[in-house]
Every structure is written in structure tokens, then in C-alpha cells.
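Student: Structure in C-alpha cells, see below.
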Amino acid sequence: MATLTRLEAETRARLLAVERYTIDLDLTRGDTVFGSTTTVRFTAREPGDTFVELRPTALRSATLDGQDLAVESLADGRLPLRGLAAGEHELTIVAEMPYSRTGEGMHRFTDPVDGLTYLYSMCCMTDAPLVFAAFDQPDLKAVFDVAVTAPEDWTVLGNGIATPVADQPGRWRCAETPLISTYLVAVVAGPYHSVRTEHAGLPFGLHVRRSLAAQLDRDAEEILDITRRCFDRYHEIFDEPYPFDSYDQAFVPEFNAGAMENPGLVTFRDGYVFQSAVTDTEREVRAVVIAHEMAHMWFGDLVTLRWWDDVWLNESFAEYLGYQVLDEATGYRPWTEFAVVRKSWGYDADQRPSTHPVAPEPDAVPDTASAWLNFDGISYAKGASALRQLVAWLGQEVFLAGINDHFARHRFGNATLADFIDAMARASGRPVPTWADAWLRTSGPDTLTPRTSDGTDEWRLSLAHSGGRPHRLRLGAYDIDPTRPERVLSRAQYEIELDAAGGTTEHTFPGARPDLLVVNDGDLSYAKVRLDPRSWETALDTLSSLPDPLSRTVVWNAARDMVRDGELAPSDYLEAALRHLPSERETPIVGGVLAFAGGVLAGRYVPDDRRAEALAMVRRITERLLVGTGDDPRRLTAARSAIAAADAPDTLLDWWREGTVPGGPTLDADLRWRLLHRLAVLGAATEEEIEAEAERDRSATGEKGAARCRAALPAAKAKEAAWEAMFDPADRLSNYLFTATAEGFWHPEQRELLAPYVERYFPAAAALAARRGHALATTVGHAGFPHPFTEQRTVELTEAALAGDLTPALRRQLLDQLDDLRRALRVRAAN
């Protein structure tokens, strides 16, 4: 498949204006292909040549203005349109298109519970031509008129309200859309179970496969309540009303992303319809995703980026508004989870060689293959953090005035960074372009390092600022409680501004020096922070007593950064976690600290001969969290971490036999699969036990759990079978089963058994990435990488692979893996 370049897109946009797509899909042709007929009405502004994209199994016919085109001229996913005259044209393409098992194009899934089949489309960013013929670029918006023929017992959903056609069983027609981009077209079809309601005069719907009907019905009111609250809040802050005719949310199987913002028909991974017990954080994250995708109805769908260098105009805004609107409209307080999880994702991505500005320069995104690489922690978390700083600088009222100006000028059109900056400058009268250059056109995090000293009646702060961004931030001053030395009392909070020049600034405050100074208290800015020596000493004694969870998060993140930078020993981080995590009430903090301690520290940052000691420390933390009984949401987080940190099977076997963790939680399907997986890793589970559990849980979750467990068995035959399944040229594994198998394959406990596969990995991954596309290339570079082999030989093999011919998606993953390897080796050497 040819990759669309920015230059090609600009040339085609100058030549064409696309008015309308009429699409007819026939989903009754079996389990490998579907019929797709597309008629496109467009205008050529002048004579010229161009092309239309489609990637069919078979191209049956193509006509332009009633004249046949040579179907054999289709090559690399492009059908040439040569010698166009100026004026109006009509292009009709009749094709058979392939069903997908990778979550791209038209994905087909058969539910192992009942044998029912479900379909959904995923057209972002380059996959619309797997569904219909398209001028596939975001700035050629058009009206879409979609009709679908499906089995008679199926439900069909689309961007516009879908209704059955009278006297034509199985025939559905979707209401015409307003102007939208090709990557936003969506069709969902199958015997879905639906919960429908109405809000603000619009039909709202929730949809899921039938085997999850009971779980959706249980959570439907919660999901709809969040949806209504966010919908109403967006209408309070935006002048432009919701621009589409309905709001459906479909929870679909084997979905690669968390969700996709198709106008009027948002698709979510169906893992958000919870089948097992979840923490309060997981419910909060689901709510954030709902709010995030709804924000896209305006940022992305109503006003769309012109080219993919401005993906931040979609994702950074949806990320920021998703958290902010959920915070304002519901009882959730999601910024703690953002600070713990999302910002850590952003900071990590921003310190790798593959980092990029939030808004890259246009020539940095020359084609769609490179654009895929920017859907990362920078475009999401760092971009949202930058917007949070913009709001702190301009004020929310001015910020929203700028947004509404932006919507009014570009509704149902396309916009660029310059357009948005102009809107903010008009609303504020402030030098927003200068702010944007500092925050959006630069890469890497700033670092803020304080030094404090006492005076007679005042204390002084020297704040070293490495980096080139202005910051508006808060300093939190805390003193040890003289009656309870394990606690601190808040003395004061100070607002300060740092300019973009960097360097060291001096600040003077009244009174004695505080025992604990928290820079960026409340986590309003995006910067790595350090604690001065006295503050770190105080934090080690009092961290869990800081009154605001965001203050505690800033300190935990500072400690995490210090470990990653070789300034704090992993053992010291673990000691701090043992001391303070049992008293921590915020589940996101508990989960984030345990994930770093058990995954990164024990998994990579400590030498192999010290891993057992690190895992033992993690187990001590979880044991303290599991003391007693009750419905404390931290217990589920602790139980999961305890299972992952087990290095002997005895306790896990006791839990397995009893069907519960002592005092709770009970072992539901998710915990049973986690526990059986760990037993398999430790050599305490058999193939027969895995099969028995798969028979007990005959769901898609059970299929994944069994695949993960089989790949984890410490036997040569099991490893070779898993390897052949992943890298079989026939590509029989779906995206989810591939991921599960990869997750089960590599384990530090099995290094001797796995050693021969390390060299085999790199050519196998390169071949698979070239064969199976972006989604699987990303997975094989992430979940499939030989993580347990943190050693110089793996560095050398990765470097050698990077010197070869790789797809952009796999190259990005291996660059990041290489950087993580080198960082882990530096941390080991420093400690």
C-alpha cells in the first residue's frame, strides 16, 4: 500500500472539492469478504490527474462519468484518475473488500460464547479504503449517505440515525451526515444488544454483543448518567450545539484503541463493559474516555485538522477537556489519575530519542506513516498539560471565548495550529504565539530543582529551571506537626511565574524555611521536579500525610523520576512505598506506585540477582494493604500486584483452592486468569488445568486468558508452539490473541529457556510488521519485545535491527525499547 504524503494531499486538495459519497455495503457475502459500492461526486477546479484510494480483495468495476476505467490500473491501493476535465464528476467503484482480524478496516469477530458474529469499521487514519473507495485525507470533507444490507436479525448503526428500509428485510439506510472526513465514517453491524434513551431531544444508545448484555444492563444507567452530565456541561461551555443527529456508544470486540470518536457513533473497546470486579480508578477511567470522545464531537469532528501534524488539535484538547469536564460535571476527581498515569506516559515519551513537539513542524510529518507515530503520550498527556497551563495563564473564561471563536470560524471545516492561536490571541489580547512557540514547538520536559536557605526573618528559594518554557505554578510549604512528627501541616501556598529564559531565579518568603517544599504543588504545570535535601528527608517520614492527593502525586512522581535518572536507588523507592502506601487512600496513587515498583523496578531496574529481593518488598507492601477485610477498592489493586509479584506458588495455590484472597476479593474470572497465568510462569500449572479453565470460561476473555497461560508455560514445546502461533505467515491470530500470546511469552523466571528466542525475535518481528500493518507492528514491538533480557547483547541486537529496513511503526517501537534498555542499564550501574 502506498503511503499518502503531505505534498500529495495538498496537491489533491487544490485540485478537488468533494461533495458527496453514496456508499452501499453488502455484509451478507460470507465470512471473508463484503460488497462495497461507492459513488463519489466531486468537482475538479482545473484539468489534472489524481487518484482515489481503495484496498479491495477484488475490484469489479470502476466508472468515471459513465466511462469504464481499467480495473487493472489499481496498484498499491490507488486507482489513477487521469485527464480530469474541470467541472463536476461522478466516480463509481464496485468492489469486494476483505474482513479484518487486526482491528483495522471492517473488523469481523465471532463470539466464542454463542457463535454470533459482529462487525465494526475503524477508518482512522488510513483505513477507510479498506471499507469504501475514498479520497482519504482529512481536509476533503463530504456528505456521506450510507446504506447497508445485513442478515435480517442484525442491528446496523452509522454516523447518522440508521433505520430499516420498509419491505426490504436486512436493508438499512443511515441518515445523511453533515460534512465529515473520511477517517470518521463508521458502521457497526451485528446482533447487538442495545439500551436506548433520549436526552436533549436526541436519541442516545448503548450497544454491546449479546453475551455482554447483562453486564451492560447493570452499568447502563451509570454510563448514561455520565454521558448526559458531560453532554450538558459541553453545552454550557460551547456556543456551538452538538452538531450531529444522535449519540450512540458501541462497545465492540478486539478494538485496538481505547475508543474512536466517529461522529454520532463512538466505538469503544468492549473491555469497558466490565465482566469482573474493577477498581474505582477503572470506573473513573471509563468515565474519562466517555468525556474525551464526546469532546471530539467538536474538536476533531466539527472542526477537523487539515493535516496530521496538527493531531494535537484533536487529541490534546479531548484529553484536557475529558478530564476537566468530568471533574466539573460529576463526582469524579480525575486529575489524580491523570497526574499518576497519563503524565508519566507523557514524561517517559518526552525523554526518548523519538520525542517530538506537541505541534510538530509541518515537514516533520511528511506522510501518514509518520503521522501514526504521533498518537502517543506527547500528543495526549503533554498536550493536555500544556493546555492546562494555557488556562492557568489566560483564565478559563478567556480560554473558552477563544475556543468558541475557533468553532464559529471553522465549523464543519478544517483548521491549523495557526488558526487556533489566532483565536486565542483575539480573545485574550496576549502574546499567545510566543507561548505556543515555547510550549508546542519544543520537545523534552523542563526540570525544576529547588535549593532553600534560612534567613533571620525570611527564607530564600533558588529555583533552577532547565528548559525554555514559561510556567505558572504553585509552591506548597509544609511543616512537621510538632505533636505528630509523622505528619505535616500546610503552612502556605505561593503562586509564582517563571519566564521562558530558564536559569536560576531567586525568591524570598517570610518566616522560617519550611520542612517540606513541594514545587508545582497541585500539578498545574508540566515539568520534572526535584525536592531539596531537607524536603526529601521530610517526605520520607511524612509523605502519606500531605493533605492533597495531587501534592502526594507530585512527590511520588519526583521520586519516580529520580529513580529513572539514577539519583535514587530502587531499594529506597521501595522502602518509601512500604512505609507510605498502606496509608494511601487514593487508588490511582496505590496502583501507579505498585505498577512502577513491581513492573519497572523489579522487572528491569534491579539486577537479575536482586529481583527476588525487590519482589519480596512488593509482596510486603501488598500484604499490608490486604490486612483486614472489606470493600476497600485498594484491595483489588493489591491482590493483582501480589499475584504478579509471587515468586513461589504456595500462597497462590491456597487462594486458588479457596476461591478468594483471604478477606476478599473473591476470585472472579479476571483474577482466576491472572492467578493461573502466574502459576503457569512458575511451573505450577499444567496444560490440562488451562484447558479446564478455558472450558469454564468460554468467552473471548477466556480465549485470551488461555492463550496467555499457554504461552507462559515453562516448557520448550509450549514456547515453540506460542512462537509459531505469533509468527505463522498465515497470520491466524487476531490482534487480541496475538497480544495475549506475546504477553505470556517472555518472563524473567524463564531466561534460560527463552534465550534462543532473543535473536530470532528481530527478523521475525520485522517480517510480521511488514506483513500485518501498523497495529500489529506496534504490538510486536511493545508486548512482543524480549523485556527480560536487560543486557548489552539485547542493546546490540536492537541497534542492528534498527540499521535494517523496518516499517515506521516497528522502528519507533524499537527506538523506544532501545532507550528504555539503556536507561535500565544506567540505573543498574548507578546503584
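Residues are named by chain letter and number: chains run A, B, ... in the order of the C-alpha cells, numbers start at 1 in each chain, and ligands are numbered from 1 in the order shown.
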Which residues come within 12 Å of Asp419 (chain A), counting only C-alpha atoms, excluding same-chain residues fewer than 2 positions away, as a PyMOL selection string?
Tutor: chain A and resi 303-306+310+313+402-403+405-410+413-417+421-426+432-433
Student: Since we have the selection now, will you write its residues out, keeping C-alpha atoms, as a compact mmCIF listing (two decimals), in the first residue's frame?
Tutor:
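Here's the written file selection-v1.txt:
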```txt
# COMPACT_ATOMS: atom_id res chain seq x y z
CA VAL A 303 -13.58 21.30 13.29
CA THR A 304 -11.02 18.91 11.86
CA LEU A 305 -7.28 19.18 11.45
CA ARG A 306 -6.11 19.98 7.94
CA ASP A 310 -1.96 19.01 13.97
CA LEU A 313 -5.79 19.83 17.86
CA GLY A 402 -11.10 31.58 22.16
CA ILE A 403 -12.44 28.07 21.65
CA ASP A 405 -14.37 31.81 18.24
CA HIS A 406 -12.41 28.91 16.75
CA PHE A 407 -15.56 26.81 16.34
CA ALA A 408 -17.54 29.67 14.79
CA ARG A 409 -14.89 30.38 12.15
CA HIS A 410 -14.20 26.75 11.14
CA GLY A 413 -14.29 22.76 8.07
CA ASN A 414 -10.60 22.30 8.76
CA ALA A 415 -8.16 24.28 10.85
CA THR A 416 -4.50 24.51 11.77
CA LEU A 417 -2.40 25.44 14.77
CA ILE A 421 -3.52 30.51 18.09
CA ASP A 422 -5.14 33.41 16.25
CA ALA A 423 -8.44 32.68 18.03
CA MET A 424 -6.74 32.66 21.44
CA ALA A 425 -4.84 35.84 20.68
CA ARG A 426 -8.04 37.61 19.62
CA VAL A 432 -0.22 33.63 22.55
CA PRO A 433 2.07 32.93 19.54
```
Student: Once DSSP has gone over the backbone, tell me which residues of region 247-470 of chain A are in strand (DSSP E), as number ranges by chain.
Tutor: A: 247-252, 259-260, 265-269, 303-305, 413-415, 446-454, 458-466
Student: Let me make sure I understand: among A:Ser194, A:Thr43, A:Thr5, A:Ser535, which one has the smallest atom-to-atom distance to Asp309 (chain A) if we use only C-alpha atoms?
Tutor: A:Thr5
Student: What are the closest atom pairs, with distances in Å to one decimal, for all residues of region 578-668 of chain A lying within 8 Å of region 820-830 of chain A? Consider only C-alpha atoms, order rows by chain and residue number, and present the result as a Markdown table.
Tutor:
```
| residue | atom | partner | partner_atom | distance |
| --- | --- | --- | --- | --- |
| A:Arg604 | CA | A:Ala824 | CA | 6.1 |
| A:Tyr605 | CA | A:Ala824 | CA | 5.1 |
| A:Val606 | CA | A:Arg828 | CA | 6.0 |
| A:Pro607 | CA | A:Arg828 | CA | 6.4 |
```
Student: Compile the contact shell of Asp819 (chain A) as a list of chain:residue names: residues with an atom at most 12 Å away, counting only C-alpha atoms, same-chain residues fewer than 3 positions apart removed.
Tutor: A:Asp348, A:Ala349, A:Asp350, A:Gln351, A:Arg352, A:Pro353, A:Ser354, A:Thr355, A:Arg564, A:Thr790, A:Thr794, A:Val795, A:Thr798, A:Glu799, A:Arg812, A:Gln813, A:Leu814, A:Leu815, A:Asp816, A:Arg822, A:Arg823, A:Ala824, A:Leu825, A:Arg826
Student: At a cut-off of 9 Å, using only C-alpha atoms, what residues contact Leu448 (chain A)? Leave out same-chain residues fewer than 4 positions from it and give the result as a ChimeraX atom specification.
Tutor: /A:463-467,519-520,527-530
Student: Next, the residues of the selection above should be written as a tab-separated table (two decimals), in the first residue's frame with N, CA and C atoms.
Tutor:
```tsv
chain	number	residue	atom	x	y	z
A	463	LEU	N	15.58	28.59	42.53
A	463	LEU	CA	14.90	27.59	41.71
A	463	LEU	C	15.58	27.51	40.35
A	464	ALA	N	16.30	26.42	40.14
A	464	ALA	CA	16.98	26.19	38.85
A	464	ALA	C	15.97	25.65	37.85
A	465	HIS	N	15.91	26.28	36.69
A	465	HIS	CA	14.93	25.95	35.67
A	465	HIS	C	15.67	25.59	34.40
A	466	SER	N	15.77	24.30	34.11
A	466	SER	CA	16.37	23.86	32.85
A	466	SER	C	15.25	23.64	31.85
A	467	GLY	N	15.34	24.34	30.74
A	467	GLY	CA	14.29	24.27	29.74
A	467	GLY	C	13.91	25.66	29.30
A	519	VAL	N	7.44	21.86	44.90
A	519	VAL	CA	7.38	22.68	43.69
A	519	VAL	C	6.35	22.08	42.74
A	520	ASN	N	5.54	22.93	42.11
A	520	ASN	CA	4.43	22.50	41.26
A	520	ASN	C	3.36	21.79	42.08
A	527	ALA	N	6.41	19.61	34.16
A	527	ALA	CA	7.85	19.70	34.36
A	527	ALA	C	8.28	18.63	35.35
A	528	LYS	N	9.45	18.09	35.14
A	528	LYS	CA	10.04	17.24	36.16
A	528	LYS	C	10.47	18.13	37.32
A	529	VAL	N	10.19	17.69	38.54
A	529	VAL	CA	10.59	18.49	39.69
A	529	VAL	C	11.45	17.64	40.61
A	530	ARG	N	12.28	18.32	41.36
A	530	ARG	CA	13.10	17.70	42.38
A	530	ARG	C	12.71	18.27	43.74
```
Student: To one decimal in Å, tell me the separation between CA of Leu119 (chain A) and CA of Cys709 (chain A).
Tutor: 27.7 Å
Student: Find the residues near Leu625 (chain A): any atom within 12 Å, counting only C-alpha atoms, skip ones fewer than 3 places away on the same chain, and give them as a ChimeraX atom specification.
Tutor: /A:577-585,587,590-591,594,618-622,628-630,632-642,663-664
Student: Skipping near chain neighbours, those fewer than 2 positions away, what residues fall within 7 Å of Leu140 (chain A) using only C-alpha atoms, listed as a list in words?
Tutor: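 My list of contacting residues is Ala13, Ala17, Val18, Gln137, Pro138, Ala142 and Ser181 of chain A.
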Student: Since we have the selection now, will you write its residues out, keeping C-alpha atoms, as a PDB file, in the first residue's frame?
Tutor:
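The resulting selection29.pdb:
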```pdb
ATOM      1  CA  ALA A  13      -6.957  19.343  -2.113  1.00  0.00           C
ATOM      2  CA  ALA A  17     -13.712  19.674  -3.937  1.00  0.00           C
ATOM      3  CA  VAL A  18     -15.573  16.558  -2.801  1.00  0.00           C
ATOM      4  CA  GLN A 137      -7.413  12.808   3.643  1.00  0.00           C
ATOM      5  CA  PRO A 138      -8.972  14.880   6.435  1.00  0.00           C
ATOM      6  CA  ALA A 142     -18.060  15.492   2.293  1.00  0.00           C
ATOM      7  CA  SER A 181     -13.806  13.474   6.981  1.00  0.00           C
TER       8      SER A 181
END
```
Student: Could you list, as a list in words, every residue within 7 Å of Asn262 (chain A), counting only C-alpha atoms and ignoring same-chain residues fewer than 4 positions away?
Tutor: Asn159, Leu184, Val185, Ala186 and Val266 of chain A
Student: Here is a test: counting only C-alpha atoms, which residue of A:Glu261, A:Glu46, A:Glu724, A:Asp376 is nearest to Glu293 (chain A)?
Tutor: A:Glu261
